[in-house]
Protein chains: 2
Amino acid sequence: MAAVFCTFVRGVIEKNLQIAFMTIHPDNSTCQNCNQRFNSIFCKAHEDHVNQINDQKVCNVYKKGQTLFNEGSHPLGVYCVSNGKIKMSHLGDDGKEQIIRLVKAGDILGYRALLSGERYSATAEALEDTQVCFIPRDLFIKVLKLDSNLAFEMMKLLSDELHRAEVKLTHLAQKPIRERLAETLLFIKETYGYEQDGVTLSVRLSREEIANLVGTATESAIRLLSEFKKDGMIDLEGKKIKIIQPKELLRTANIQD
Amino acid sequence: MAAVFCTFVRGVIEKNLQIAFMTIHPDNSTCQNCNQRFNSIFCKAHEDHVNQINDQKVCNVYKKGQTLFNEGSHPLGVYCVSNGKIKMSHLGDDGKEQIIRLVKAGDILGYRALLSGERYSATAEALEDTQVCFIPRDLFIKVLKLDSNLAFEMMKLLSDELHRAEVKLTHLAQKPIRERLAETLLFIKETYGYEQDGVTLSVRLSREEIANLVGTATESAIRLLSEFKKDGMIDLEGKKIKIIQPKELLRTANIQD
DNA sequence: CAGTAAAAATGACAAAAGTCATTTATTTAT
DNA sequence: ATAAATAAATGACTTTTGTCATTTTTACTG
């Protein structure tokens, strides 16, 4: 039954489920009818493997501010986000947070350290109430070994992440903060999109978090955000950020590629 | 048999081969007796697959300054370095080079774009005369699909690269140039090691290249190198850099982890 | 081996970004 | 609802880093 659902009436089901599962039901959800079923890397996995994952997964809800795992601890599996938003960050040598990734529904996390065979090099913290499924290490590894399509998707995912990191690295080395802030705002938009109004970024980040994403001092981020507002590119209402002139922001970001 | 080699007499074989293959023989070299046989990712590949790669590979020598591939062009396969040194770099939006990786014998390159299914995002240029084997795209993909051990090694490699990139990114965002330069010198040492004298870095990089590795202006790199020399941590003779006080350099790099 | 070109080094200065102190606004908890 | 705590905003100032111009050194070529 689930298979029929999955294969044939995919689009329709997806839409319906997205509405049906808007609220968090950690107990009755299954991978087969997860609202992120066709959105995640497991999309490419064989049905049997998805079923195995479904049998062994453990769902959990993390409240805003709670951490899924901490830098330095041992990975026991991977997490698959069915709902919510997560930031992943390194602690710099002087104790300053550097946000290296924003995680959204459908994404997986915790795989980097697991595949490297190392401890976590980053901390994952929920930016809002978030529902994730935990897939135990051994099962994940086993499925990855058996399912070459999934393994390929994993390699593609890692390659894409690596690309992102390399581009960010280049920009950190070469671009002024003004450009990087504009780019960061657009990146947030790409990742989490807008609220219903079509202009407000649908995530609440503190100024400090924005600074830690850009790679600058909090005060510098605040000052530049104010400038952007004065220039009419964005609007600020507490933690709400509205993108008024995306084109102008893009120009400010000065992205060639 | 290869497995026995790999596991038991590895060290001995490696040393012998390194002497035997010191000079470049692009035509008569095979993967099976390549001096990097037990050093590269293909160490973990099944013997049959190594043989297939050996049959289809194309060896080539690139002179110092020649490029293996350019940012923006299509990947046709991956390269395996049997001898030499290569830099990989992005061109920043304003045309400035950012070196994102130093490649050494035994490393492979060109896999990132190939796995992502994109064009090359970096340019690879030989830092000295370098011998590489080219493995065609389809074969590489095929072997990766068939050989789950190799696929796993690939994922591990990507994960490690991603980790490196994330750490570098954090340091670029948070550490002063002085610390980053010290770190870079130690990184060069880790990657390419010393010459016979045990103190001279065994790669010649221009001041500009060092700056593009650190992520700073050439003049800043020059000035700080001079300071390091004045402080007795390093010695400079043209493009030769000697590491006099590695411990002091490490302290200057201010690395916590 | 000279002569030229390129790279490295240095100085003076400008711009960018960070820090610290203080004020204002916004949350949060009582 | 109000006080306390936290976050945001702003100003003054310092430090870091980059830029441009110039000199010196090194490498290259005929």
# chains A, B, ... in the order shown; residues from 1 in each chain; ligands from 1
$ closest_atom_pairs --of "chain A" --to "chain D" --cutoff "8 Å" --atoms "only C-alpha atoms (C1' of nucleotides)" --output "JSON lines"
{"residue": "A:Arg207", "atom": "CA", "partner": "D:DA8", "partner_atom": "C1'", "distance": 7.8}
{"residue": "A:Ile222", "atom": "CA", "partner": "D:DA9", "partner_atom": "C1'", "distance": 7.4}
{"residue": "A:Arg223", "atom": "CA", "partner": "D:DA9", "partner_atom": "C1'", "distance": 7.9}
$ select_by_dssp --residues "region 59-109 of chain A" --states "strand (DSSP E or B)" --output "ChimeraX atom specification"
/A:59-62,67-69,77-83,85-91,97-104,108-109
$ write_last_selection --atoms "C-alpha atoms" --output "mmCIF file, in the first residue's frame"
data_model
loop_
_atom_site.group_PDB
_atom_site.id
_atom_site.type_symbol
_atom_site.label_atom_id
_atom_site.label_comp_id
_atom_site.auth_asym_id
_atom_site.auth_seq_id
_atom_site.Cartn_x
_atom_site.Cartn_y
_atom_site.Cartn_z
ATOM 1 C CA CYS A 59 11.970 10.144 16.028
ATOM 2 C CA ASN A 60 12.518 13.021 18.351
ATOM 3 C CA VAL A 61 11.496 16.592 18.850
ATOM 4 C CA TYR A 62 14.056 19.203 19.852
ATOM 5 C CA THR A 67 21.393 20.670 20.774
ATOM 6 C CA LEU A 68 21.195 17.440 18.798
ATOM 7 C CA PHE A 69 24.882 16.791 19.313
ATOM 8 C CA GLY A 77 24.139 7.687 13.663
ATOM 9 C CA VAL A 78 22.729 10.273 11.315
ATOM 10 C CA TYR A 79 19.775 12.593 11.703
ATOM 11 C CA CYS A 80 17.118 13.258 9.109
ATOM 12 C CA VAL A 81 15.094 16.425 9.558
ATOM 13 C CA SER A 82 11.382 16.080 8.914
ATOM 14 C CA ASN A 83 10.493 19.497 10.208
ATOM 15 C CA LYS A 85 15.537 24.405 11.278
ATOM 16 C CA ILE A 86 18.980 23.710 12.697
ATOM 17 C CA LYS A 87 22.275 25.569 12.748
ATOM 18 C CA MET A 88 25.594 23.773 12.716
ATOM 19 C CA SER A 89 28.590 25.573 14.085
ATOM 20 C CA HIS A 90 32.238 25.273 15.003
ATOM 21 C CA LEU A 91 33.707 26.829 18.061
ATOM 22 C CA GLU A 97 30.967 30.482 17.151
ATOM 23 C CA GLN A 98 31.259 30.076 13.398
ATOM 24 C CA ILE A 99 28.076 28.885 11.745
ATOM 25 C CA ILE A 100 29.021 26.562 8.916
ATOM 26 C CA ARG A 101 25.662 25.289 7.771
ATOM 27 C CA LEU A 102 21.948 25.946 7.988
ATOM 28 C CA VAL A 103 19.908 22.752 7.966
ATOM 29 C CA LYS A 104 16.326 22.535 6.763
ATOM 30 C CA ILE A 108 20.417 15.001 6.851
ATOM 31 C CA LEU A 109 23.127 15.863 9.325
#
$ closest_atom_pairs --of "chain A" --to "chain B" --cutoff "9 Å" --atoms "only C-alpha atoms" --output "tab-separated table"
residue	atom	partner	partner_atom	distance
A:His90	CA	B:Thr170	CA	7.3
A:Leu91	CA	B:Thr170	CA	8.4
A:Gly92	CA	B:Thr170	CA	6.4
A:Asp93	CA	B:Gln256	CA	5.5
A:Asp94	CA	B:Gln174	CA	8.3
A:Lys96	CA	B:Gln174	CA	7.8
A:Glu97	CA	B:Thr170	CA	8.7
A:Gln98	CA	B:Thr170	CA	6.0
A:Ile99	CA	B:Thr170	CA	8.5
A:Ile100	CA	B:Glu166	CA	6.9
A:Tyr111	CA	B:Ser159	CA	8.4
A:Arg112	CA	B:Ser159	CA	5.3
A:Ala113	CA	B:Ser159	CA	7.3
A:Leu114	CA	B:Ser159	CA	8.9
A:Leu115	CA	B:Lys156	CA	5.4
A:Ser116	CA	B:Lys156	CA	5.0
A:Gly117	CA	B:Lys156	CA	8.0
A:Ser121	CA	B:His163	CA	7.7
A:Leu144	CA	B:Ser148	CA	8.4
A:Lys145	CA	B:Ser148	CA	5.6
A:Leu146	CA	B:Ser148	CA	7.8
A:Asp147	CA	B:Ser148	CA	9.0
A:Ser148	CA	B:Lys145	CA	5.6
A:Asn149	CA	B:Lys145	CA	7.9
A:Ala151	CA	B:Ala151	CA	7.2
A:Phe152	CA	B:Lys145	CA	7.7
A:Met154	CA	B:Met155	CA	7.5
A:Met155	CA	B:Met155	CA	5.9
A:Lys156	CA	B:Ser116	CA	5.0
A:Leu157	CA	B:Ser116	CA	7.6
A:Leu158	CA	B:Leu158	CA	6.1
A:Ser159	CA	B:Arg112	CA	5.3
A:Asp160	CA	B:Ser116	CA	6.0
A:Glu161	CA	B:Leu162	CA	7.2
A:Leu162	CA	B:Leu162	CA	5.1
A:His163	CA	B:Arg112	CA	7.6
A:Ala165	CA	B:Ala165	CA	6.0
A:Glu166	CA	B:Ala165	CA	6.4
A:Val167	CA	B:His90	CA	8.0
A:Lys168	CA	B:Leu169	CA	7.2
A:Leu169	CA	B:Leu169	CA	5.0
A:Thr170	CA	B:Gln98	CA	6.0
A:His171	CA	B:Gly92	CA	7.2
A:Leu172	CA	B:Leu172	CA	6.3
A:Ala173	CA	B:Gly215	CA	4.8
A:Gln174	CA	B:Gly215	CA	7.0
A:Lys175	CA	B:Asp93	CA	8.3
A:Asn212	CA	B:Ala173	CA	8.7
A:Val214	CA	B:Ala173	CA	8.1
A:Gly215	CA	B:Ala173	CA	4.8
A:Thr216	CA	B:Ala173	CA	6.8
A:Asn254	CA	B:Asp93	CA	7.7
A:Ile255	CA	B:Asp93	CA	6.6
A:Gln256	CA	B:Asp93	CA	5.5
A:Asp257	CA	B:Asp93	CA	7.6
$ closest_atom_pairs --of "chain B" --to "chain C" --cutoff "10 Å" --atoms "only C-alpha atoms (C1' of nucleotides)" --output "Markdown table"
| residue | atom | partner | partner_atom | distance |
| --- | --- | --- | --- | --- |
| B:Ser206 | CA | C:DA7 | C1' | 8.1 |
| B:Arg207 | CA | C:DA8 | C1' | 7.8 |
| B:Glu208 | CA | C:DA7 | C1' | 9.2 |
| B:Thr218 | CA | C:DA8 | C1' | 9.8 |
| B:Glu219 | CA | C:DA9 | C1' | 8.5 |
| B:Ile222 | CA | C:DA9 | C1' | 7.4 |
| B:Arg223 | CA | C:DA9 | C1' | 7.9 |
| B:Ser226 | CA | C:DA9 | C1' | 8.9 |
| B:Gly238 | CA | C:DA8 | C1' | 8.7 |
| B:Lys239 | CA | C:DA8 | C1' | 9.9 |
$ atom_distance --atom1 "CA of Phe42 (chain A)" --atom2 "CA of Ser202 (chain A)"
25.5 Å
$ select_by_dssp --residues "region 4-251 of chain B" --states "helix (DSSP H, G or I)" --output "PyMOL selection string"
chain B and resi 4-7+10-20+41-44+47-56+111-116+137-146+148-174+177-192+207-214+218-230+246-251
$ atom_distance --atom1 "CA of Phe38 (chain B)" --atom2 "CA of Glu190 (chain B)"
18.8 Å
$ closest_residue --among "B:Asn35, B:Gln66, B:Thr191, B:Gln56" --to "Arg137 (chain B)" --atoms "only C-alpha atoms"
B:Gln56
$ atom_distance --atom1 "CA of Ala253 (chain A)" --atom2 "CA of Asp197 (chain A)"
23.7 Å
$ closest_residue --among "A:Ile188, A:Val50, A:Cys34, A:Leu249" --to "Glu227 (chain A)" --atoms "only C-alpha atoms"
A:Leu249
$ residues_around --residues "Glu47 (chain A)" --least-positions-apart "3" --cutoff "9 Å" --atoms "only C-alpha atoms (C1' of nucleotides)" --output "short mmCIF file (atom, residue, chain, number, x, y, z; two decimals) with N, CA and C atoms, in the first residue's frame"
data_model
loop_
_atom_site.label_atom_id
_atom_site.label_comp_id
_atom_site.auth_asym_id
_atom_site.auth_seq_id
_atom_site.Cartn_x
_atom_site.Cartn_y
_atom_site.Cartn_z
N ALA A 3 3.82 1.43 -0.95
CA ALA A 3 4.57 1.45 -2.21
C ALA A 3 3.74 2.06 -3.32
N GLN A 32 7.98 6.19 5.01
CA GLN A 32 7.27 6.02 3.75
C GLN A 32 6.31 7.16 3.47
N LYS A 44 16.41 8.39 -3.29
CA LYS A 44 17.05 7.52 -4.28
C LYS A 44 17.33 6.11 -3.74
N VAL A 50 14.60 1.74 2.60
CA VAL A 50 13.80 2.75 3.29
C VAL A 50 12.97 2.08 4.38
N ASN A 51 12.44 0.90 4.07
CA ASN A 51 11.65 0.17 5.06
C ASN A 51 12.49 -0.20 6.28
N GLN A 52 13.69 -0.66 6.03
CA GLN A 52 14.59 -1.01 7.14
C GLN A 52 14.88 0.21 8.00
#
$ residues_around --residues "Tyr194 (chain A)" --least-positions-apart "3" --cutoff "12 Å" --atoms "only C-alpha atoms (C1' of nucleotides)" --output "number ranges by chain"
A: 185-191, 197-204, 240-244
